[in-house]
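See below for query21.txt, which holds compact mmCIF, C-alpha atoms.
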```
# COMPACT_ATOMS: atom_id res chain seq x y z
CA MET A 106 31.66 -58.35 28.65
CA ASP A 107 28.70 -56.05 29.15
CA SER A 108 25.54 -56.58 27.13
CA LEU A 109 25.99 -53.54 24.88
CA THR A 110 29.43 -54.73 23.78
CA GLN A 111 28.17 -58.23 23.02
CA ILE A 112 25.23 -56.79 21.07
CA VAL A 113 27.35 -54.55 18.83
CA LEU A 114 30.00 -57.24 18.31
CA GLY A 115 27.40 -59.77 17.20
CA ALA A 116 25.64 -57.19 15.04
CA ALA A 117 28.84 -56.00 13.33
CA LEU A 118 30.04 -59.52 12.57
CA SER A 119 26.70 -60.71 11.26
CA ALA A 120 26.23 -57.62 9.08
CA ALA A 121 29.77 -57.92 7.69
CA ILE A 122 29.23 -61.56 6.64
CA ALA A 123 25.60 -61.53 5.45
CA PRO A 124 24.71 -60.21 1.98
CA ALA A 125 24.68 -56.42 1.69
CA LYS A 126 21.00 -56.34 0.81
CA HIS A 127 20.24 -58.11 4.10
CA ARG A 128 22.40 -55.77 6.19
CA ARG A 129 19.75 -54.32 8.50
CA ALA A 130 18.24 -57.73 9.17
CA ALA A 131 21.73 -59.08 9.88
CA LEU A 132 22.38 -56.27 12.36
CA LEU A 133 19.25 -57.18 14.28
CA ALA A 134 19.88 -60.93 14.09
CA GLY A 135 23.51 -60.54 15.16
CA ALA A 136 22.52 -58.31 18.07
CA ALA A 137 20.04 -60.92 19.30
CA LEU A 138 22.49 -63.81 18.92
CA GLY A 139 25.27 -61.79 20.48
CA THR A 140 23.38 -61.37 23.73
CA LEU A 141 21.66 -64.78 23.74
CA PRO A 142 24.24 -66.68 25.89
CA ASP A 143 23.87 -64.23 28.77
CA LEU A 144 20.19 -65.08 29.07
CA ASP A 145 21.33 -68.16 30.99
CA VAL A 146 20.90 -66.07 34.14
CA ILE A 147 17.13 -66.46 33.78
CA PRO A 148 16.90 -70.27 34.17
CA VAL A 149 19.77 -70.32 36.67
CA ASN A 150 18.03 -67.75 38.89
CA LEU A 151 14.73 -69.61 38.56
CA PHE A 152 16.19 -72.94 39.68
CA THR A 153 18.33 -71.75 42.60
CA ASP A 154 18.75 -68.87 45.01
CA ASP A 155 22.23 -70.04 46.06
CA PRO A 156 24.54 -67.12 45.17
CA VAL A 157 27.55 -69.42 44.69
CA ALA A 158 25.61 -71.62 42.29
CA ARG A 159 24.34 -68.57 40.42
CA MET A 160 27.86 -67.20 40.05
CA THR A 161 29.51 -70.44 38.98
CA TRP A 162 26.79 -71.75 36.64
CA HIS A 163 26.74 -68.51 34.67
CA ARG A 164 28.96 -68.77 31.58
CA SER A 165 28.86 -72.56 31.57
CA LEU A 166 26.57 -74.51 29.21
CA SER A 167 25.40 -71.36 27.42
CA HIS A 168 29.02 -70.28 26.76
CA SER A 169 30.48 -73.63 25.71
CA LEU A 170 32.21 -73.91 22.34
CA LEU A 171 31.10 -77.55 22.39
CA VAL A 172 27.43 -76.51 22.57
CA LEU A 173 26.97 -73.18 20.79
CA PRO A 174 27.83 -74.36 17.24
CA PHE A 175 24.87 -76.74 17.42
CA VAL A 176 22.63 -74.00 18.80
CA ALA A 177 23.59 -71.72 15.90
CA TRP A 178 23.06 -74.57 13.43
CA ALA A 179 19.59 -75.29 14.87
CA ILE A 180 18.57 -71.62 14.67
CA TRP A 181 19.91 -71.39 11.12
CA GLY A 182 18.05 -74.55 10.10
CA TRP A 183 14.78 -73.28 11.54
CA CYS A 184 15.15 -69.92 9.79
CA ARG A 185 16.08 -71.57 6.49
CA ALA A 186 13.04 -73.83 6.64
CA ARG A 187 10.83 -70.77 6.97
CA GLY A 188 12.23 -69.27 3.77
CA GLY A 189 13.05 -65.60 3.38
CA ARG A 190 16.51 -64.11 3.61
CA VAL A 191 18.26 -67.12 5.17
CA ALA A 192 16.91 -69.46 2.49
CA GLU A 193 17.96 -66.95 -0.16
CA SER A 194 21.59 -66.95 0.96
CA PRO A 195 22.01 -69.93 3.32
CA LYS A 196 25.83 -70.16 3.40
CA ARG A 197 26.40 -66.50 4.22
CA TRP A 198 23.73 -66.58 6.90
CA PHE A 199 25.10 -69.82 8.37
CA TRP A 200 28.48 -68.24 9.02
CA ALA A 201 26.93 -64.94 10.13
CA MET A 202 24.99 -66.75 12.83
CA GLN A 203 27.91 -68.91 13.90
CA ALA A 204 30.19 -65.89 14.19
CA ALA A 205 27.70 -63.80 16.16
CA LEU A 206 27.11 -66.59 18.68
CA LEU A 207 30.60 -68.06 19.06
CA THR A 208 32.41 -64.76 19.56
CA HIS A 209 30.34 -64.08 22.68
CA PRO A 210 32.12 -66.62 24.95
CA LEU A 211 35.48 -65.91 23.34
CA LEU A 212 35.18 -62.22 24.19
CA ASP A 213 34.01 -63.09 27.71
CA ALA A 214 37.16 -65.18 28.16
CA PHE A 215 39.22 -61.98 27.87
CA THR A 216 37.74 -60.87 31.21
CA VAL A 217 38.67 -62.20 34.64
CA TYR A 218 35.25 -63.57 35.63
CA GLY A 219 35.76 -67.07 34.22
CA THR A 220 34.18 -68.64 31.13
CA GLN A 221 33.69 -72.40 30.81
CA LEU A 222 34.59 -72.60 27.14
CA LEU A 223 34.71 -76.40 27.03
CA TRP A 224 31.79 -77.27 29.31
CA PRO A 225 30.98 -80.05 30.27
CA LEU A 226 34.65 -81.04 30.38
CA PRO A 227 35.95 -80.66 33.96
CA MET A 228 38.32 -77.79 33.18
CA LYS A 229 38.75 -74.63 35.21
CA PRO A 230 37.05 -71.57 33.71
CA VAL A 231 39.15 -69.58 31.26
CA MET A 232 40.13 -66.08 32.42
CA TRP A 233 42.63 -64.37 30.14
CA SER A 234 41.85 -61.16 32.08
CA SER A 235 43.20 -58.59 29.66
CA VAL A 236 40.13 -56.31 29.56
CA PHE A 237 37.62 -55.10 32.12
CA ILE A 238 33.99 -56.18 31.69
CA ILE A 239 33.16 -52.66 30.46
CA ASP A 240 35.76 -50.98 28.26
CA PRO A 241 34.53 -48.05 26.14
CA LEU A 242 37.67 -48.03 23.96
CA TYR A 243 36.84 -51.53 22.77
CA THR A 244 33.12 -50.96 22.31
CA ILE A 245 33.05 -47.52 20.67
CA TRP A 246 34.45 -48.67 17.30
CA LEU A 247 31.86 -51.42 16.99
CA LEU A 248 29.06 -49.09 17.99
CA ILE A 249 30.06 -46.51 15.38
CA ALA A 250 30.32 -49.22 12.72
CA CYS A 251 26.83 -50.51 13.52
CA VAL A 252 25.33 -47.02 13.41
CA VAL A 253 26.94 -46.33 10.02
CA ALA A 254 25.81 -49.70 8.67
CA TRP A 255 22.24 -49.11 9.86
CA PHE A 256 21.75 -45.64 8.40
CA TRP A 257 23.83 -46.12 5.25
CA HIS A 258 23.13 -49.82 4.75
CA GLU A 259 22.70 -49.49 0.99
CA ARG A 260 25.85 -47.45 0.41
CA ARG A 261 29.36 -48.71 -0.22
CA MET A 262 30.71 -47.15 2.95
CA ALA A 263 28.72 -49.56 5.16
CA GLN A 264 30.92 -52.62 4.58
CA PRO A 265 34.25 -50.77 5.03
CA ALA A 266 32.85 -49.18 8.19
CA LEU A 267 32.02 -52.59 9.60
CA LEU A 268 35.44 -53.98 8.72
CA VAL A 269 37.24 -50.97 10.19
CA GLY A 270 35.19 -51.19 13.38
CA LEU A 271 35.93 -54.89 13.75
CA GLY A 272 39.59 -54.30 12.95
CA LEU A 273 40.09 -51.47 15.45
CA SER A 274 38.32 -53.33 18.24
CA SER A 275 40.42 -56.42 17.52
CA LEU A 276 43.61 -54.36 17.57
CA TYR A 277 42.59 -52.95 20.95
CA LEU A 278 42.01 -56.47 22.24
CA GLY A 279 45.43 -57.50 20.98
CA GLY A 280 46.92 -54.40 22.60
CA SER A 281 45.40 -55.45 25.92
CA LEU A 282 47.29 -58.74 25.73
CA TRP A 283 50.51 -56.86 25.05
CA ALA A 284 49.81 -54.58 28.02
CA LYS A 285 49.18 -57.60 30.24
CA HIS A 286 52.46 -59.18 29.14
CA ARG A 287 54.35 -55.99 29.92
CA VAL A 288 52.76 -55.67 33.38
CA GLU A 289 53.56 -59.27 34.28
CA ARG A 290 57.12 -58.78 33.03
CA ASP A 291 57.47 -55.75 35.34
CA ALA A 292 55.91 -57.61 38.26
CA ALA A 293 58.20 -60.65 38.00
CA PRO A 294 61.40 -59.17 39.54
CA ALA A 295 59.50 -57.51 42.39
CA LEU A 296 57.75 -60.76 43.24
CA ALA A 297 61.00 -62.70 42.95
CA LYS A 298 62.56 -60.31 45.46
CA LEU A 299 59.78 -61.29 47.86
CA GLY A 300 60.41 -64.97 47.27
CA LEU A 301 57.20 -65.30 45.26
CA GLU A 302 58.63 -66.07 41.83
CA ASN A 303 56.61 -69.32 41.67
CA ALA A 304 53.53 -68.13 43.54
CA PRO A 305 50.09 -68.37 41.89
CA ARG A 306 49.25 -64.93 40.54
CA PHE A 307 47.01 -63.01 38.21
CA SER A 308 46.95 -59.57 36.64
CA VAL A 309 43.82 -57.65 35.66
CA PRO A 310 43.14 -54.15 34.33
CA THR A 311 41.28 -51.68 36.51
CA PRO A 312 37.81 -50.49 35.38
CA PHE A 313 37.32 -48.97 31.92
CA ASN A 314 40.98 -48.95 30.80
CA THR A 315 44.09 -50.98 30.02
CA LEU A 316 46.62 -48.47 31.39
CA LEU A 317 46.37 -49.24 35.11
CA TRP A 318 46.68 -52.86 36.20
CA ARG A 319 46.37 -54.76 39.46
CA VAL A 320 48.61 -57.74 40.23
CA VAL A 321 47.89 -60.24 43.01
CA ALA A 322 50.10 -63.13 44.13
CA MET A 323 49.20 -65.71 46.74
CA THR A 324 51.39 -66.30 49.80
CA PRO A 325 51.33 -69.02 52.49
CA ASP A 326 49.53 -66.66 54.87
CA GLY A 327 47.49 -64.54 52.44
CA PHE A 328 48.39 -62.51 49.38
CA VAL A 329 50.22 -59.46 48.08
CA GLU A 330 48.66 -56.79 45.90
CA GLY A 331 50.21 -54.07 43.75
CA GLU A 332 49.38 -51.75 40.87
CA ARG A 333 51.21 -50.89 37.69
CA SER A 334 50.48 -47.89 35.49
CA LEU A 335 51.82 -48.23 31.97
CA ALA A 336 51.46 -44.47 31.59
CA ALA A 337 53.37 -43.33 34.68
CA ASP A 338 55.31 -46.06 36.51
CA ARG A 339 59.00 -46.47 35.79
CA GLY A 340 60.41 -47.80 39.05
CA PRO A 341 60.09 -51.30 40.51
CA MET A 342 56.62 -52.50 41.45
CA GLN A 343 55.64 -52.26 45.09
CA PHE A 344 53.40 -54.78 46.80
CA ARG A 345 51.33 -54.63 49.97
CA HIS A 346 50.87 -57.74 52.06
CA TYR A 347 47.48 -58.85 53.41
CA ARG A 348 46.73 -61.82 55.59
CA SER A 349 44.03 -64.43 55.11
CA ASP A 350 42.60 -66.66 57.84
CA ILE A 351 44.24 -69.84 56.56
CA PRO A 352 43.41 -72.03 59.62
CA ALA A 353 39.70 -71.18 59.33
CA PHE A 354 39.74 -71.72 55.57
CA THR A 355 41.37 -75.12 56.05
CA GLN A 356 38.46 -76.15 58.27
CA VAL A 357 35.81 -75.25 55.68
CA ASN A 358 37.46 -76.06 52.36
CA GLY A 359 35.58 -79.36 52.23
CA TYR A 360 32.21 -77.63 52.06
CA PRO A 361 30.61 -78.04 48.61
CA ALA A 362 30.13 -74.28 48.12
CA VAL A 363 33.73 -73.53 49.13
CA HIS A 364 35.07 -76.30 46.90
CA ARG A 365 33.01 -74.95 44.00
CA LEU A 366 34.29 -71.41 44.57
CA GLN A 367 37.90 -72.55 44.80
CA TRP A 368 37.55 -74.37 41.49
CA PHE A 369 35.83 -71.44 39.81
CA ASN A 370 38.22 -68.68 40.91
CA HIS A 371 41.41 -70.79 40.68
CA GLY A 372 41.97 -70.49 44.44
CA PHE A 373 42.30 -66.70 44.45
CA MET A 374 40.36 -66.18 47.67
CA LYS A 375 40.70 -64.40 50.98
CA ALA A 376 39.19 -65.75 54.22
CA GLU A 377 38.30 -63.48 57.13
CA GLN A 378 36.14 -63.57 60.23
CA GLN A 379 33.43 -60.98 60.73
CA ASP A 380 30.67 -60.97 63.37
CA GLY A 381 31.11 -64.67 64.07
CA ARG A 382 30.92 -65.65 60.41
CA LEU A 383 33.59 -66.73 57.96
CA LEU A 384 33.67 -64.67 54.77
CA LEU A 385 35.33 -65.67 51.50
CA SER A 386 36.20 -62.94 49.00
CA ASP A 387 37.02 -63.51 45.33
CA LEU A 388 40.27 -61.57 44.93
CA ARG A 389 39.93 -61.23 41.15
CA MET A 390 37.17 -58.60 41.11
CA GLY A 391 37.61 -55.57 43.32
CA ALA A 392 40.57 -54.50 45.43
CA GLU A 393 41.46 -54.67 49.10
CA PRO A 394 39.35 -54.35 51.19
CA GLU A 395 36.25 -54.37 48.90
CA TYR A 396 35.37 -57.15 46.48
CA THR A 397 32.44 -57.70 44.14
CA PHE A 398 31.90 -61.30 45.24
CA ARG A 399 32.01 -61.92 49.01
CA PHE A 400 30.21 -64.85 50.58
CA ALA A 401 29.48 -65.86 54.16
CA VAL A 402 29.90 -69.65 54.20
CA ALA A 403 30.15 -70.64 57.88
CA GLU A 404 29.28 -69.56 61.43
CA ARG A 405 31.40 -69.90 64.53
CA ASP A 406 30.46 -72.94 66.63
CA GLY A 407 32.78 -72.96 69.64
CA GLU A 408 36.26 -73.73 68.38
CA ASN A 409 34.95 -74.97 65.05
CA TRP A 410 32.88 -73.73 62.12
CA ARG A 411 29.37 -74.74 61.12
CA GLU A 412 28.36 -74.73 57.47
CA ILE A 413 25.57 -72.34 56.49
CA GLU A 414 23.72 -71.57 53.29
CA PRO A 415 26.01 -69.21 51.35
CA GLU A 416 25.06 -65.56 51.57
CA GLN A 417 26.45 -62.91 49.23
CA LEU A 418 27.37 -59.64 50.90
CA LYS A 419 26.72 -56.28 49.31
CA TRP A 420 29.57 -54.16 48.03
CA SER A 421 29.92 -51.10 50.27
CA ALA A 422 32.62 -49.24 48.34
CA ASP A 423 31.86 -45.70 47.16
CA VAL A 424 32.44 -45.84 43.40
CA LYS A 425 32.22 -42.05 43.12
CA GLN A 426 35.32 -41.76 45.28
CA ALA A 427 37.15 -44.75 43.82
CA LEU A 428 37.05 -43.64 40.17
CA PRO A 429 38.78 -40.25 40.66
CA ALA A 430 41.48 -41.96 42.72
CA MET A 431 41.95 -44.54 39.98
CA TRP A 432 42.20 -41.82 37.33
CA ALA A 433 44.83 -39.97 39.36
CA ARG A 434 46.81 -43.17 39.88
CA ILE A 435 46.97 -43.80 36.11
CA TRP A 436 48.99 -40.61 35.63
CA ASN A 437 51.01 -40.53 38.86
CA GLU A 438 53.60 -42.97 40.14
CA PRO A 439 53.65 -43.39 43.94
CA ALA A 440 56.81 -42.59 45.84
CA ILE A 441 59.23 -45.49 46.16
CA VAL A 442 59.82 -46.60 49.73
CA ALA A 443 63.43 -45.70 50.53
CA ASP A 444 63.89 -47.85 53.63
CA ALA A 445 63.57 -51.33 52.22
CA ASP A 446 64.31 -52.97 55.59
CA ALA A 447 61.51 -51.06 57.32
CA GLN A 448 59.11 -52.22 54.65
CA MET A 449 60.36 -55.79 54.56
CA HIS A 450 57.64 -58.15 53.43
CA PRO A 451 56.64 -60.71 56.10
CA LEU A 452 57.79 -63.51 53.80
CA GLN A 453 61.20 -61.88 53.57
CA GLU A 454 61.32 -61.62 57.37
CA ALA A 455 60.47 -65.31 57.68
CA THR A 456 63.05 -66.24 55.05
CA ALA A 457 65.72 -64.15 56.76
CA MET A 458 64.87 -65.67 60.15
CA ARG A 459 65.09 -69.22 58.75
CA ALA A 460 68.45 -68.35 57.19
CA ARG A 461 69.76 -67.05 60.55
CA VAL A 462 68.52 -70.14 62.41
CA HIS A 463 70.10 -72.41 59.78
CA SER A 464 73.38 -70.48 60.04
CA ASP A 465 73.38 -70.71 63.84
CA THR A 466 72.70 -74.46 63.62
CA LEU A 467 75.65 -74.99 61.30
CA LYS A 468 77.88 -73.11 63.70
```

Please go through the file and, once you have read it, give me the structure as structure tokens.
Amino acid sequence: MDSLTQIVLGAALSAAIAPAKHRRAALLAGAALGTLPDLDVIPVNLFTDDPVARMTWHRSLSHSLLVLPFVAWAIWGWCRARGGRVAESPKRWFWAMQAALLTHPLLDAFTVYGTQLLWPLPMKPVMWSSVFIIDPLYTIWLLIACVVAWFWHERRMAQPALLVGLGLSSLYLGGSLWAKHRVERDAAPALAKLGLENAPRFSVPTPFNTLLWRVVAMTPDGFVEGERSLAADRGPMQFRHYRSDIPAFTQVNGYPAVHRLQWFNHGFMKAEQQDGRLLLSDLRMGAEPEYTFRFAVAERDGENWREIEPEQLKWSADVKQALPAMWARIWNEPAIVADADAQMHPLQEATAMRARVHSDTLK
């Protein structure tokens, strides 16, 4: 999640757990601890300029549930040794610090980016992908609670405000999981109709909301992409098919950077050739044809590809145009294609052709 959200979550939790007379100090301490894991970008960027390494090492060691409890314990021990508030109420402050630090990676796991919760175990990053990295409807309740607790820290209303803020934000997070379940339930029959019932897939909300969702499923020659609005859509989901350069990707998938990317994004990638270079796009963040993370990983060398140092390409999409279109799509369902045969998915065409060939062979 964005830094502001992590700050107010850490602050609200810490202030709710610490003694009331330490509330302002707890707000500041929780805010600092809540944003601490994201400071891993500083050492990562200092040690490498490889964009793939920078992307995939973020949210690793600094976000591990096997590491952070010891970090929180060490900070608590240092503060306790110095005396003051922590020494005055060590148990409350111990749990305040643990909560502020450990909830950071857990909240990040609700996004699609990928959080290595059990680093250094060789597990794929967790991506529950039920909220966008910035979601005002999650953050606002925590922000209000922190403001109330800061200005009225000595009044009774401060603690209830913190609990209400934490409760409402948690309910919103739970609601995002329900929304994701409903979207995936609606996508299942449409994908099954395309012969993709067992295809690798993911669903993710569009920016700043949990009403409009994007669903992507991988195919043998690329992927399909569709949207689902929980506010407007009532008919079956519709998917658009896009091709990926599978032969070129097969030639480069042994490159260390490509292997690392494939592990990190669970294989949700698109390969395409552009100006003699092979580009890999992370399908999880963005939408066709623009993606947040696009890397040039190889150059054409005759009939083959030559490995190059990964280069991240800039995002050229016009956000000012994309947001109004997204807002309109939330409230309007697109027309359903009437001629299903004219819009037959390439996989359906291939399946139908194989069925005809098999039938002719039997005859």

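Take the candidates A:Trp410, A:Trp257, A:Phe313, A:Phe199 and check each one against Pro352 of chain A using all atoms listed in the file; the shortest distance goes to A:Trp410.
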
>> When you count all atoms listed in the file, which of these residues is closest to Gln111 of chain A: A:Ala205, A:Leu151, A:Ala376, A:Val191?
In response: A:Ala205

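For Leu109 of chain A, the set of protein, DNA and RNA residues having any atom at most 12 Å away, when counting only C-alpha atoms and skipping those fewer than 4 positions along the same chain, is Val113, Leu114, Gly115, Ala116, Ala136, Ala137, Gly139, Thr140, Asp143, His209, Ile238, Ile239, Asp240, Pro241, Tyr243, Thr244, Ile245, Leu247, Leu248 and Cys251 of chain A.
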
> Counting only C-alpha atoms, what is within 10 Å of Val231 of chain A, bar same-chain residues fewer than 2 positions away, as a PyMOL selection string?
Replying inline: chain A and resi 210-211+213-223+228-229+233-234+369-371

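Excluding Arg197 of chain A itself and same-chain residues fewer than 6 positions from it, the residues having an atom within 9 Å of it are Ile122, Ala123, Pro124 and Val191 of chain A, counting all atoms listed in the file.
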
Within 9 Å of segment 317-322 of chain A, which residues of segment 273-303 of chain A come that close, and what is the closest atom pair and distance in Å for each? Count all atoms listed in the file and give it as a tab-separated table.
```
residue	atom	partner	partner_atom	distance
A:Ala284	CA	A:Trp318	CA	8.9
A:Lys285	CA	A:Trp318	CA	8.0
A:Val288	CA	A:Trp318	CA	7.3
A:Glu289	CA	A:Val320	CA	7.9
A:Ala292	CA	A:Val320	CA	7.6
A:Leu296	CA	A:Ala322	CA	8.1
A:Leu301	CA	A:Ala322	CA	7.5
```

> Which residues come within 10 Å of Trp198 of chain A, counting only C-alpha atoms, excluding same-chain residues fewer than 4 positions away, as a list in words?
Replying inline: Ser119, Ala120, Ile122, Ala123, Pro124, His127, Ala131, Ala134, Trp181, Cys184, Arg185, Arg190, Val191, Ala192, Glu193, Ser194, Met202, Gln203 and Ala204 of chain A
